[in-house]
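Heads up, the thing below is written out as structure tokens.
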Amino acid sequence: MNGKCTILLADDHPMFRLGLRTAIESDDAFEIVAECDDGAATIDLIERLSPRIAIIDWQMPKLNGLEILKGIQKRRFETRTIILTMYDEEEVFNEALDSGAHGFVLKDNAIGSIIESIKQVNGGSIYLSPSVSMSLLRRTQKTAQLRRKNPGLDTLTRTERRVLRMISENMTTREAAKEMGISPYTVETHRRNISRKLELTGSYSLLQFAIKHRHHL
């Protein structure tokens, strides 16, 4: 090992990828170990090469950025991720952050900020392009408002929070049970406890609550 921070570069636009490569290779501390132009290859290369950081375009063929992040989470890869996107939208930002992204960089200023984003993420921090700071502020404010309105959220156990997040992703009881390695009966028990703590009644009230607030749970 040469001690360098190893990087996978995943983007389906060759000229943009070349620009990123040129910027990244200007710093001797970084080494690009592979490039690819589709999401399925990204997952395969992360599994095979275990790069320290994967820089991933949000919109790619075969698997998009969200699907890649969920694949990384499911397989418990240790690779840290920086998402590249053209969209300065709160929904995209929330989905990326909720799915485990460690960095969020807008393509408009990616060439200029990519080195700093790698340094921050490699050091264990979260990096956000300055222009998305308002999205983070809105997210924080909405989370605080939700907890003030629903104080029962603060009484949920870690397992109950995990179940609630799975419900927000519209996972069935059986799917959640398989993901967590527990029985469907245990998941149903957690669902009942969550509903009681949040004072929710009715067959679909918990699902409606979870989906409505999924980015702020």
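By convention here, the chains of the structure tokens are called A, B, ... in the order presented, each chain's residues are numbered starting at 1, and ligands are numbered starting at 1 in the order presented.
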Excluding region 173-190 of chain A and its own-chain neighbours fewer than 6 positions away, which residues fall within 12 Å of it when counting only C-alpha atoms? Please give them as a VMD selection string.
chain A and resid 73 to 75 156 to 167 196 to 197 206 to 207
Lys70 (chain A): which residues within 10 Å, counting only C-alpha atoms, same-chain residues fewer than 2 positions away excluded, as a list in words?
Gly65, Leu66, Glu67, Ile68, Ile72, Gln73, Lys74, Arg75, Arg76, Ala96, Asp98, Ser99, Gly100 and Ala101 of chain A
Would you save the residues of that selection, restricted to N, CA, C and O atoms, as an mmCIF file, in the first residue's frame?
data_model
loop_
_atom_site.group_PDB
_atom_site.id
_atom_site.type_symbol
_atom_site.label_atom_id
_atom_site.label_comp_id
_atom_site.auth_asym_id
_atom_site.auth_seq_id
_atom_site.Cartn_x
_atom_site.Cartn_y
_atom_site.Cartn_z
ATOM 1 N N GLY A 65 -27.884 6.966 -8.576
ATOM 2 C CA GLY A 65 -27.141 7.205 -7.342
ATOM 3 C C GLY A 65 -27.827 6.676 -6.108
ATOM 4 O O GLY A 65 -27.184 6.113 -5.218
ATOM 5 N N LEU A 66 -29.143 6.856 -6.044
ATOM 6 C CA LEU A 66 -29.890 6.375 -4.881
ATOM 7 C C LEU A 66 -29.799 4.860 -4.771
ATOM 8 O O LEU A 66 -29.571 4.312 -3.682
ATOM 9 N N GLU A 67 -29.947 4.164 -5.895
ATOM 10 C CA GLU A 67 -29.864 2.699 -5.891
ATOM 11 C C GLU A 67 -28.464 2.222 -5.524
ATOM 12 O O GLU A 67 -28.305 1.211 -4.827
ATOM 13 N N ILE A 68 -27.450 2.949 -5.980
ATOM 14 C CA ILE A 68 -26.068 2.591 -5.626
ATOM 15 C C ILE A 68 -25.851 2.742 -4.122
ATOM 16 O O ILE A 68 -25.282 1.862 -3.466
ATOM 17 N N ILE A 72 -24.778 -0.116 -1.437
ATOM 18 C CA ILE A 72 -23.614 -0.016 -0.560
ATOM 19 C C ILE A 72 -24.015 -0.265 0.884
ATOM 20 O O ILE A 72 -23.334 -0.983 1.630
ATOM 21 N N GLN A 73 -25.135 0.324 1.303
ATOM 22 C CA GLN A 73 -25.622 0.122 2.665
ATOM 23 C C GLN A 73 -25.962 -1.342 2.919
ATOM 24 O O GLN A 73 -25.603 -1.906 3.956
ATOM 25 N N LYS A 74 -26.649 -1.960 1.968
ATOM 26 C CA LYS A 74 -27.090 -3.343 2.138
ATOM 27 C C LYS A 74 -25.903 -4.295 2.267
ATOM 28 O O LYS A 74 -25.926 -5.231 3.071
ATOM 29 N N ARG A 75 -24.851 -4.035 1.485
ATOM 30 C CA ARG A 75 -23.673 -4.909 1.506
ATOM 31 C C ARG A 75 -22.654 -4.502 2.573
ATOM 32 O O ARG A 75 -21.639 -5.153 2.739
ATOM 33 N N ARG A 76 -22.945 -3.393 3.256
ATOM 34 C CA ARG A 76 -22.082 -2.901 4.340
ATOM 35 C C ARG A 76 -20.648 -2.633 3.880
ATOM 36 O O ARG A 76 -19.683 -2.906 4.587
ATOM 37 N N ALA A 96 -30.154 11.521 -0.747
ATOM 38 C CA ALA A 96 -28.731 11.168 -0.698
ATOM 39 C C ALA A 96 -28.256 11.048 0.746
ATOM 40 O O ALA A 96 -27.591 10.073 1.118
ATOM 41 N N ASP A 98 -30.057 10.602 3.493
ATOM 42 C CA ASP A 98 -30.741 9.511 4.195
ATOM 43 C C ASP A 98 -30.208 8.145 3.791
ATOM 44 O O ASP A 98 -30.331 7.172 4.544
ATOM 45 N N SER A 99 -29.626 8.062 2.606
ATOM 46 C CA SER A 99 -29.125 6.781 2.099
ATOM 47 C C SER A 99 -27.634 6.600 2.324
ATOM 48 O O SER A 99 -27.017 5.711 1.747
ATOM 49 N N GLY A 100 -27.054 7.452 3.171
ATOM 50 C CA GLY A 100 -25.687 7.219 3.612
ATOM 51 C C GLY A 100 -24.603 7.974 2.890
ATOM 52 O O GLY A 100 -23.408 7.696 3.104
ATOM 53 N N ALA A 101 -24.944 8.940 2.029
ATOM 54 C CA ALA A 101 -23.904 9.711 1.343
ATOM 55 C C ALA A 101 -23.088 10.516 2.348
ATOM 56 O O ALA A 101 -23.624 11.030 3.331
#
Can you build me a table of region 92-209 of chain A residues sitting at most 12 Å from region 14-36 of chain A, with the closest atom pair per residue and its distance in Å to one decimal, using only C-alpha atoms, sorted by chain and residue number, as JSON lines?
{"residue": "A:Lys107", "atom": "CA", "partner": "A:Phe16", "partner_atom": "CA", "distance": 9.1}
{"residue": "A:Asp108", "atom": "CA", "partner": "A:Phe16", "partner_atom": "CA", "distance": 10.8}
{"residue": "A:Asn109", "atom": "CA", "partner": "A:Leu20", "partner_atom": "CA", "distance": 10.9}
{"residue": "A:Ala110", "atom": "CA", "partner": "A:Leu20", "partner_atom": "CA", "distance": 7.7}
{"residue": "A:Ile111", "atom": "CA", "partner": "A:Leu20", "partner_atom": "CA", "distance": 5.9}
{"residue": "A:Gly112", "atom": "CA", "partner": "A:Ala23", "partner_atom": "CA", "distance": 8.0}
{"residue": "A:Ser113", "atom": "CA", "partner": "A:Ala23", "partner_atom": "CA", "distance": 9.4}
{"residue": "A:Ile114", "atom": "CA", "partner": "A:Ile24", "partner_atom": "CA", "distance": 7.2}
{"residue": "A:Ile115", "atom": "CA", "partner": "A:Ile24", "partner_atom": "CA", "distance": 6.2}
{"residue": "A:Glu116", "atom": "CA", "partner": "A:Ile24", "partner_atom": "CA", "distance": 10.0}
{"residue": "A:Ser117", "atom": "CA", "partner": "A:Ile24", "partner_atom": "CA", "distance": 10.6}
{"residue": "A:Ile118", "atom": "CA", "partner": "A:Phe30", "partner_atom": "CA", "distance": 8.8}
{"residue": "A:Lys119", "atom": "CA", "partner": "A:Phe30", "partner_atom": "CA", "distance": 9.4}
{"residue": "A:Asn122", "atom": "CA", "partner": "A:Phe30", "partner_atom": "CA", "distance": 10.2}
Looking only at the backbone, which of the residues in region 115-194 of chain A does DSSP tag as helix (DSSP H, G or I), as JSON, numbers by chain?
{"A": [115, 116, 117, 118, 119, 120, 121, 122, 130, 131, 132, 133, 134, 135, 136, 137, 138, 139, 140, 141, 142, 143, 144, 145, 146, 147, 148, 149, 151, 152, 153, 154, 155, 158, 159, 160, 161, 162, 163, 164, 165, 166, 167, 168, 173, 174, 175, 176, 177, 178, 179, 180, 184, 185, 186, 187, 188, 189, 190, 191, 192, 193, 194]}
So which one's closest to Ile53 (chain A), A:Asn94, A:Thr85, A:Gln120, A:Ser129? Using only C-alpha atoms, please.
A:Gln120
Rounded to one decimal in Å, what is the spacing between CA of Gly39 (chain A) and CA of Gly123 (chain A)?
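Taking CA of Gly39 (chain A) and CA of Gly123 (chain A), their separation equals 25.4 Å.
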Which of region 61-211 of chain A end up as strand (DSSP E or B) when DSSP is run on this backbone - answer as number ranges by chain?
A: 80-85, 103-106, 127-128
Find the distance between CA of Thr79 (chain A) and CA of Ser125 (chain A) and write it in Å to one decimal.
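So the answer is 13.6 Å.
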Distance of CA of Gln208 (chain A) from CA of Leu153 (chain A), expressed in Å to one decimal place:
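Computing it gives 15.2 Å between the two atoms.
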So which residues touch region 142-147 of chain A within 8 Å, counting only C-alpha atoms, skipping near sequence neighbours fewer than 6 positions away, as an mmCIF file with N, CA and C atoms, in the first residue's frame?
data_model
loop_
_atom_site.group_PDB
_atom_site.id
_atom_site.type_symbol
_atom_site.label_atom_id
_atom_site.label_comp_id
_atom_site.auth_asym_id
_atom_site.auth_seq_id
_atom_site.Cartn_x
_atom_site.Cartn_y
_atom_site.Cartn_z
ATOM 1 N N LEU A 153 -41.701 10.714 19.373
ATOM 2 C CA LEU A 153 -40.564 10.276 18.567
ATOM 3 C C LEU A 153 -39.317 10.117 19.415
ATOM 4 N N ASP A 154 -39.159 10.965 20.416
ATOM 5 C CA ASP A 154 -37.964 10.915 21.258
ATOM 6 C C ASP A 154 -37.981 9.737 22.226
ATOM 7 N N HIS A 216 -37.288 13.216 7.785
ATOM 8 C CA HIS A 216 -37.065 13.954 9.027
ATOM 9 C C HIS A 216 -37.205 13.071 10.251
ATOM 10 N N LEU A 217 -37.179 11.758 10.052
ATOM 11 C CA LEU A 217 -37.318 10.824 11.176
ATOM 12 C C LEU A 217 -35.976 10.582 11.850
#
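Proximity of A:Asp38, A:Leu9, A:Leu97, A:Pro130 to Ile55 (chain A), computed with only C-alpha atoms, is greatest for A:Leu9.
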